[in-house]
$ cat coords.cif   # mmCIF, N, CA and C atoms
data_run
#
loop_
_atom_site.label_atom_id
_atom_site.label_comp_id
_atom_site.auth_asym_id
_atom_site.auth_seq_id
_atom_site.Cartn_x
_atom_site.Cartn_y
_atom_site.Cartn_z
N MET A 84 164.48 71.17 54.40
CA MET A 84 165.48 71.80 55.21
C MET A 84 165.22 73.30 55.24
N SER A 85 165.34 73.88 56.39
CA SER A 85 165.07 75.31 56.54
C SER A 85 166.35 76.13 56.39
N VAL A 86 166.17 77.42 56.22
CA VAL A 86 167.29 78.35 56.12
C VAL A 86 167.68 78.78 57.52
N ALA A 87 168.98 78.93 57.76
CA ALA A 87 169.48 79.34 59.08
C ALA A 87 169.06 80.76 59.40
N GLN A 88 168.74 81.00 60.67
CA GLN A 88 168.47 82.36 61.14
C GLN A 88 169.78 83.15 61.05
N ILE A 89 169.66 84.43 60.75
CA ILE A 89 170.83 85.30 60.74
C ILE A 89 170.79 86.12 62.03
N ASN A 90 171.89 86.15 62.73
CA ASN A 90 171.94 86.86 64.00
C ASN A 90 173.32 87.50 64.12
N ASN A 91 173.36 88.74 64.54
CA ASN A 91 174.63 89.44 64.75
C ASN A 91 174.69 89.89 66.19
N MET A 92 175.83 89.69 66.84
CA MET A 92 175.95 90.01 68.26
C MET A 92 177.37 90.40 68.62
N THR A 93 177.54 90.84 69.86
CA THR A 93 178.84 91.26 70.38
C THR A 93 179.15 90.50 71.66
N ILE A 94 180.40 90.08 71.81
CA ILE A 94 180.90 89.47 73.04
C ILE A 94 181.99 90.37 73.57
N GLU A 95 181.94 90.66 74.84
CA GLU A 95 183.02 91.41 75.47
C GLU A 95 184.05 90.38 75.94
N ARG A 96 185.24 90.47 75.38
CA ARG A 96 186.31 89.53 75.67
C ARG A 96 186.64 89.54 77.16
N GLY A 97 186.80 88.36 77.75
CA GLY A 97 187.16 88.25 79.16
C GLY A 97 185.99 88.35 80.11
N THR A 98 184.75 88.24 79.58
CA THR A 98 183.56 88.26 80.44
C THR A 98 182.73 87.01 80.19
N ASP A 99 181.84 86.71 81.13
CA ASP A 99 180.90 85.62 80.92
C ASP A 99 179.88 86.04 79.88
N PHE A 100 179.45 85.10 79.05
CA PHE A 100 178.53 85.40 77.95
C PHE A 100 177.49 84.29 77.87
N GLU A 101 176.24 84.67 77.66
CA GLU A 101 175.18 83.68 77.47
C GLU A 101 174.15 84.25 76.51
N VAL A 102 173.71 83.41 75.58
CA VAL A 102 172.67 83.80 74.63
C VAL A 102 171.79 82.58 74.38
N SER A 103 170.49 82.84 74.18
CA SER A 103 169.55 81.76 73.87
C SER A 103 168.92 82.03 72.51
N PHE A 104 168.68 80.97 71.78
CA PHE A 104 168.04 81.05 70.47
C PHE A 104 166.80 80.18 70.50
N ASP A 105 165.70 80.70 69.98
CA ASP A 105 164.46 79.95 69.88
C ASP A 105 164.40 79.38 68.46
N ILE A 106 164.50 78.08 68.36
CA ILE A 106 164.54 77.41 67.06
C ILE A 106 163.20 76.71 66.85
N PHE A 107 162.37 77.27 66.00
CA PHE A 107 161.09 76.65 65.69
C PHE A 107 160.91 76.73 64.19
N THR A 108 160.97 75.59 63.55
CA THR A 108 160.83 75.54 62.10
C THR A 108 159.94 74.37 61.72
N ASP A 109 159.56 74.34 60.47
CA ASP A 109 158.78 73.21 59.97
C ASP A 109 159.57 71.92 60.06
N ASP A 110 160.91 72.03 59.95
CA ASP A 110 161.75 70.84 60.02
C ASP A 110 161.74 70.19 61.39
N TYR A 111 161.66 71.01 62.44
CA TYR A 111 161.81 70.49 63.79
C TYR A 111 160.51 70.43 64.57
N GLY A 112 159.58 71.34 64.30
CA GLY A 112 158.32 71.35 65.02
C GLY A 112 158.51 71.76 66.46
N PRO A 113 157.42 71.71 67.25
CA PRO A 113 157.51 72.14 68.66
C PRO A 113 158.13 71.06 69.54
N ASN A 114 158.95 71.49 70.46
CA ASN A 114 159.47 70.63 71.53
C ASN A 114 160.13 69.35 71.03
N VAL A 115 161.00 69.46 70.03
CA VAL A 115 161.58 68.26 69.45
C VAL A 115 162.93 67.88 70.03
N PHE A 116 163.61 68.84 70.66
CA PHE A 116 164.96 68.56 71.09
C PHE A 116 164.96 67.73 72.36
N GLY A 117 165.73 66.71 72.36
CA GLY A 117 165.83 65.84 73.51
C GLY A 117 166.83 64.75 73.20
N LEU A 118 166.48 63.54 73.52
CA LEU A 118 167.37 62.43 73.28
C LEU A 118 167.69 62.32 71.79
N GLY A 119 168.95 62.09 71.51
CA GLY A 119 169.36 61.90 70.13
C GLY A 119 169.83 63.15 69.43
N TYR A 120 169.70 64.31 70.06
CA TYR A 120 170.15 65.55 69.45
C TYR A 120 171.29 66.15 70.27
N SER A 121 172.22 66.75 69.57
CA SER A 121 173.27 67.51 70.23
C SER A 121 173.53 68.74 69.38
N GLY A 122 174.30 69.66 69.91
CA GLY A 122 174.57 70.87 69.15
C GLY A 122 175.98 71.35 69.36
N ILE A 123 176.44 72.16 68.42
CA ILE A 123 177.78 72.72 68.50
C ILE A 123 177.74 74.19 68.07
N PHE A 124 178.42 75.02 68.84
CA PHE A 124 178.53 76.45 68.57
C PHE A 124 179.97 76.69 68.15
N SER A 125 180.18 77.25 66.96
CA SER A 125 181.53 77.46 66.42
C SER A 125 181.76 78.93 66.11
N ILE A 126 182.97 79.40 66.41
CA ILE A 126 183.37 80.76 66.05
C ILE A 126 184.68 80.67 65.27
N LYS A 127 184.72 81.34 64.11
CA LYS A 127 185.92 81.41 63.29
C LYS A 127 186.23 82.86 62.96
N LYS A 128 187.49 83.17 62.79
CA LYS A 128 187.91 84.52 62.44
C LYS A 128 187.39 84.90 61.05
N TYR A 129 187.39 83.97 60.13
CA TYR A 129 186.82 84.20 58.81
C TYR A 129 186.24 82.87 58.33
N PRO A 130 185.27 82.89 57.41
CA PRO A 130 184.55 81.66 57.05
C PRO A 130 185.42 80.48 56.63
N GLY A 131 186.52 80.69 55.93
CA GLY A 131 187.35 79.58 55.49
C GLY A 131 188.44 79.16 56.46
N ALA A 132 188.48 79.76 57.64
CA ALA A 132 189.54 79.47 58.61
C ALA A 132 189.53 77.99 59.00
N THR A 133 190.71 77.43 59.17
CA THR A 133 190.81 76.02 59.52
C THR A 133 190.70 75.79 61.02
N SER A 134 190.97 76.81 61.83
CA SER A 134 190.83 76.64 63.27
C SER A 134 189.59 77.39 63.74
N ALA A 135 188.98 76.85 64.78
CA ALA A 135 187.75 77.44 65.30
C ALA A 135 187.63 77.18 66.79
N PHE A 136 186.95 78.09 67.46
CA PHE A 136 186.53 77.84 68.84
C PHE A 136 185.23 77.06 68.73
N GLN A 137 185.12 75.95 69.44
CA GLN A 137 183.90 75.16 69.40
C GLN A 137 183.46 74.78 70.80
N LYS A 138 182.14 74.74 70.98
CA LYS A 138 181.59 74.38 72.28
C LYS A 138 180.27 73.66 72.08
N SER A 139 180.07 72.61 72.87
CA SER A 139 178.78 71.92 72.87
C SER A 139 177.73 72.84 73.47
N VAL A 140 176.49 72.69 73.02
CA VAL A 140 175.42 73.55 73.51
C VAL A 140 174.36 72.73 74.23
N VAL A 141 173.55 73.43 75.00
CA VAL A 141 172.53 72.82 75.83
C VAL A 141 171.15 73.10 75.24
N PHE A 142 170.34 72.07 75.12
CA PHE A 142 168.95 72.23 74.72
C PHE A 142 168.11 72.33 75.98
N ASP A 143 167.25 73.33 76.05
CA ASP A 143 166.36 73.45 77.20
C ASP A 143 165.22 72.43 77.04
N PRO A 144 165.06 71.53 78.03
CA PRO A 144 164.05 70.47 77.91
C PRO A 144 162.65 71.03 77.71
N GLY A 145 161.91 70.39 76.80
CA GLY A 145 160.52 70.76 76.57
C GLY A 145 160.31 72.01 75.75
N THR A 146 161.38 72.58 75.21
CA THR A 146 161.25 73.78 74.37
C THR A 146 162.13 73.62 73.15
N ASN A 147 162.09 74.59 72.29
CA ASN A 147 163.00 74.64 71.14
C ASN A 147 164.08 75.66 71.39
N GLU A 148 164.40 75.91 72.65
CA GLU A 148 165.39 76.92 72.99
C GLU A 148 166.76 76.26 73.18
N ILE A 149 167.75 76.89 72.59
CA ILE A 149 169.13 76.42 72.70
C ILE A 149 169.92 77.53 73.38
N THR A 150 170.64 77.18 74.44
CA THR A 150 171.41 78.15 75.20
C THR A 150 172.89 77.90 74.99
N VAL A 151 173.61 78.98 74.69
CA VAL A 151 175.07 78.93 74.56
C VAL A 151 175.65 79.76 75.71
N SER A 152 176.49 79.14 76.52
CA SER A 152 177.14 79.83 77.64
C SER A 152 178.64 79.71 77.50
N LEU A 153 179.33 80.85 77.60
CA LEU A 153 180.79 80.88 77.57
C LEU A 153 181.29 81.53 78.84
N ALA A 154 182.23 80.90 79.49
CA ALA A 154 182.84 81.46 80.69
C ALA A 154 183.88 82.51 80.28
N LYS A 155 184.23 83.38 81.22
CA LYS A 155 185.21 84.43 80.90
C LYS A 155 186.54 83.85 80.46
N THR A 156 186.88 82.65 80.96
CA THR A 156 188.13 82.01 80.53
C THR A 156 188.05 81.60 79.06
N GLU A 157 186.84 81.32 78.57
CA GLU A 157 186.67 80.96 77.15
C GLU A 157 186.64 82.21 76.28
N THR A 158 185.91 83.25 76.70
CA THR A 158 185.84 84.45 75.86
C THR A 158 187.19 85.17 75.79
N SER A 159 188.03 84.98 76.80
CA SER A 159 189.35 85.63 76.76
C SER A 159 190.27 85.01 75.71
N THR A 160 189.92 83.82 75.20
CA THR A 160 190.73 83.18 74.16
C THR A 160 190.31 83.59 72.75
N LEU A 161 189.18 84.29 72.63
CA LEU A 161 188.69 84.67 71.31
C LEU A 161 189.50 85.83 70.74
N ARG A 162 189.63 85.85 69.43
CA ARG A 162 190.37 86.92 68.77
C ARG A 162 189.47 88.14 68.62
N PRO A 163 189.97 89.32 69.02
CA PRO A 163 189.17 90.54 68.92
C PRO A 163 188.82 90.88 67.47
N GLY A 164 187.74 91.63 67.30
CA GLY A 164 187.32 92.07 65.98
C GLY A 164 186.16 91.25 65.46
N ARG A 165 185.93 91.36 64.16
CA ARG A 165 184.82 90.64 63.51
C ARG A 165 185.17 89.16 63.39
N ASN A 166 184.23 88.33 63.80
CA ASN A 166 184.34 86.89 63.68
C ASN A 166 183.02 86.38 63.10
N TYR A 167 183.00 85.13 62.77
CA TYR A 167 181.79 84.50 62.21
C TYR A 167 181.44 83.31 63.08
N PHE A 168 180.14 83.09 63.27
CA PHE A 168 179.71 81.97 64.10
C PHE A 168 178.61 81.19 63.41
N GLN A 169 178.46 79.97 63.87
CA GLN A 169 177.30 79.18 63.47
C GLN A 169 176.92 78.24 64.60
N LEU A 170 175.65 77.96 64.68
CA LEU A 170 175.09 77.02 65.64
C LEU A 170 174.49 75.90 64.82
N SER A 171 174.98 74.68 65.04
CA SER A 171 174.51 73.53 64.27
C SER A 171 173.87 72.51 65.20
N ILE A 172 172.86 71.84 64.68
CA ILE A 172 172.20 70.76 65.40
C ILE A 172 172.60 69.46 64.73
N LEU A 173 172.97 68.49 65.53
CA LEU A 173 173.37 67.18 65.03
C LEU A 173 172.36 66.16 65.54
N SER A 174 171.79 65.38 64.63
CA SER A 174 170.85 64.35 65.05
C SER A 174 171.59 63.03 65.26
N SER A 175 170.98 62.15 65.99
CA SER A 175 171.60 60.86 66.31
C SER A 175 171.65 59.97 65.07
N PRO A 176 172.53 58.96 65.09
CA PRO A 176 172.58 58.02 63.96
C PRO A 176 171.22 57.38 63.69
N SER A 177 170.43 57.13 64.73
CA SER A 177 169.11 56.51 64.52
C SER A 177 168.16 57.45 63.78
N ALA A 178 168.45 58.75 63.82
CA ALA A 178 167.62 59.73 63.11
C ALA A 178 168.23 60.13 61.77
N GLY A 179 169.29 59.44 61.36
CA GLY A 179 169.89 59.71 60.06
C GLY A 179 171.16 60.52 60.08
N SER A 180 171.70 60.83 61.24
CA SER A 180 172.97 61.56 61.39
C SER A 180 173.05 62.82 60.53
N GLN A 181 172.09 63.68 60.66
CA GLN A 181 172.09 64.91 59.88
C GLN A 181 172.68 66.05 60.70
N THR A 182 173.34 66.98 60.00
CA THR A 182 173.84 68.21 60.61
C THR A 182 173.11 69.36 59.93
N ASN A 183 172.47 70.20 60.72
CA ASN A 183 171.76 71.36 60.19
C ASN A 183 172.25 72.62 60.87
N ARG A 184 172.65 73.60 60.07
CA ARG A 184 173.03 74.90 60.60
C ARG A 184 171.73 75.66 60.84
N VAL A 185 171.46 76.06 62.09
CA VAL A 185 170.20 76.71 62.42
C VAL A 185 170.34 78.21 62.70
N VAL A 186 171.52 78.65 63.12
CA VAL A 186 171.78 80.07 63.33
C VAL A 186 173.19 80.36 62.85
N GLU A 187 173.37 81.50 62.20
CA GLU A 187 174.69 81.91 61.77
C GLU A 187 174.74 83.43 61.76
N GLY A 188 175.93 83.96 61.71
CA GLY A 188 176.05 85.41 61.63
C GLY A 188 177.44 85.89 61.99
N THR A 189 177.52 87.18 62.25
CA THR A 189 178.80 87.76 62.67
C THR A 189 178.75 88.00 64.17
N ILE A 190 179.91 87.93 64.74
CA ILE A 190 180.04 88.17 66.17
C ILE A 190 181.26 89.07 66.36
N ILE A 191 181.03 90.22 66.94
CA ILE A 191 182.12 91.15 67.21
C ILE A 191 182.65 90.85 68.60
N VAL A 192 183.94 90.59 68.68
CA VAL A 192 184.59 90.36 69.97
C VAL A 192 185.30 91.65 70.32
N SER A 193 184.80 92.34 71.36
CA SER A 193 185.43 93.60 71.76
C SER A 193 186.55 93.31 72.76
N GLU A 194 187.63 94.00 72.57
CA GLU A 194 188.82 93.81 73.40
C GLU A 194 188.62 94.42 74.78
N GLU A 195 189.21 93.79 75.78
CA GLU A 195 189.23 94.37 77.12
C GLU A 195 190.13 95.59 77.09
N ILE A 196 189.67 96.69 77.64
CA ILE A 196 190.52 97.88 77.66
C ILE A 196 190.90 98.28 79.08
N THR A 197 190.29 97.61 80.05
CA THR A 197 190.56 97.97 81.43
C THR A 197 191.01 96.73 82.21
N ASN A 198 192.12 96.85 82.84
CA ASN A 198 192.54 95.83 83.80
C ASN A 198 192.35 96.44 85.18
N TYR A 199 191.53 95.80 85.97
CA TYR A 199 191.22 96.36 87.27
C TYR A 199 192.40 96.10 88.23
N VAL A 200 192.96 97.16 88.72
CA VAL A 200 194.07 97.08 89.64
C VAL A 200 193.65 97.75 90.94
N GLN A 201 193.79 97.02 92.00
CA GLN A 201 193.42 97.59 93.29
C GLN A 201 194.57 98.47 93.80
N LEU A 202 194.25 99.69 94.12
CA LEU A 202 195.28 100.63 94.61
C LEU A 202 195.36 100.60 96.10
#
$ encode --input "coords.cif" --output "structure tokens"
Amino acid sequence: MSVAQINNMTIERGTDFEVSFDIFTDDYGPNVFGLGYSGIFSIKKYPGATSAFQKSVVFDPGTNEITVSLAKTETSTLRPGRNYFQLSILSSPSAGSQTNRVVEGTIIVSEEITNYVQL
């Protein structure tokens, strides 16, 4: 089992957000993601929090790239300030039903400070 990549990033609350991660490890090898794998992206206010924002993730076919996309309606629900995230890969029951955390880190959610009003 490999160690999760550490990544720190910022999301502007109320905007569309997209990030891609290149996951290539000895555990997974090249171009392994496809049938039987799924992923989940989780954000929590603090590591022990019982509630979390969670979203399924997309594997780019033929690569080890995982893309996380959040719409502005989703980012507007996030709590401003420092948060913690993790990206986990889940294998199918036929592959042993393993969950591996592949990316983790802090995510700063910046608050919207401008409401655009047409004059």
$ closest_residue --input "coords.cif" --among "A:Glu194, A:Asp105, A:Asp99, A:Glu148" --to "A:Arg162" --atoms "only N, CA and C atoms"
A:Glu194
$ atom_distance --input "coords.cif" --atom1 "atom CA of A:Thr189" --atom2 "atom CA of A:Gly122"
18.6 Å
$ resolve_selection --input "coords.cif" --expression "the PyMOL selection byres ((chain A and resi 168) around 6.5)" --output "PyMOL selection string"
chain A and resi 125-127+166-167+169-170+186-190
$ closest_residue --input "coords.cif" --among "A:Asn91, A:Gly164, A:Ser174, A:Val185" --to "A:Lys128" --atoms "all atoms listed in the file"
A:Gly164
$ resolve_selection --input "coords.cif" --expression "the PyMOL selection byres (((chain A and resi 161 and name CA) around 8) and name CA)" --output "ChimeraX atom specification"
/A:96,136,157-160,162-163,192
$ atom_distance --input "coords.cif" --atom1 "atom C of A:Ser193" --atom2 "atom C of A:Ser171"
25.5 Å
$ atom_distance --input "coords.cif" --atom1 "atom CA of A:Thr98" --atom2 "atom CA of A:Gln137"
17.1 Å
$ closest_residue --input "coords.cif" --among "A:Ile149, A:Ile172, A:Thr156, A:Glu195" --to "A:Ile106" --atoms "all atoms listed in the file"
A:Ile149
$ resolve_selection --input "coords.cif" --expression "the PyMOL selection byres ((chain A and resi 152) around 6.5)" --output "ChimeraX atom specification"
/A:100-102,140,150-151,153-154
$ write_last_selection --input "coords.cif" --atoms "N, CA and C atoms" --output "mmCIF file, keeping the file's coordinate frame"
data_model
loop_
_atom_site.group_PDB
_atom_site.id
_atom_site.type_symbol
_atom_site.label_atom_id
_atom_site.label_comp_id
_atom_site.auth_asym_id
_atom_site.auth_seq_id
_atom_site.Cartn_x
_atom_site.Cartn_y
_atom_site.Cartn_z
ATOM 1 N N PHE A 100 179.450 85.100 79.050
ATOM 2 C CA PHE A 100 178.530 85.400 77.950
ATOM 3 C C PHE A 100 177.490 84.290 77.870
ATOM 4 N N GLU A 101 176.240 84.670 77.660
ATOM 5 C CA GLU A 101 175.180 83.680 77.470
ATOM 6 C C GLU A 101 174.150 84.250 76.510
ATOM 7 N N VAL A 102 173.710 83.410 75.580
ATOM 8 C CA VAL A 102 172.670 83.800 74.630
ATOM 9 C C VAL A 102 171.790 82.580 74.380
ATOM 10 N N VAL A 140 176.490 72.690 73.020
ATOM 11 C CA VAL A 140 175.420 73.550 73.510
ATOM 12 C C VAL A 140 174.360 72.730 74.230
ATOM 13 N N THR A 150 170.640 77.180 74.440
ATOM 14 C CA THR A 150 171.410 78.150 75.200
ATOM 15 C C THR A 150 172.890 77.900 74.990
ATOM 16 N N VAL A 151 173.610 78.980 74.690
ATOM 17 C CA VAL A 151 175.070 78.930 74.560
ATOM 18 C C VAL A 151 175.650 79.760 75.710
ATOM 19 N N LEU A 153 179.330 80.850 77.600
ATOM 20 C CA LEU A 153 180.790 80.880 77.570
ATOM 21 C C LEU A 153 181.290 81.530 78.840
ATOM 22 N N ALA A 154 182.230 80.900 79.490
ATOM 23 C CA ALA A 154 182.840 81.460 80.690
ATOM 24 C C ALA A 154 183.880 82.510 80.280
#
$ closest_residue --input "coords.cif" --among "A:Ala132, A:Lys155, A:Leu173, A:Lys138" --to "A:Glu95" --atoms "only N, CA and C atoms"
A:Lys155
$ closest_residue --input "coords.cif" --among "A:Ser139, A:Thr146, A:Ser121, A:Gln88" --to "A:Thr182" --atoms "only C-alpha atoms"
A:Ser121
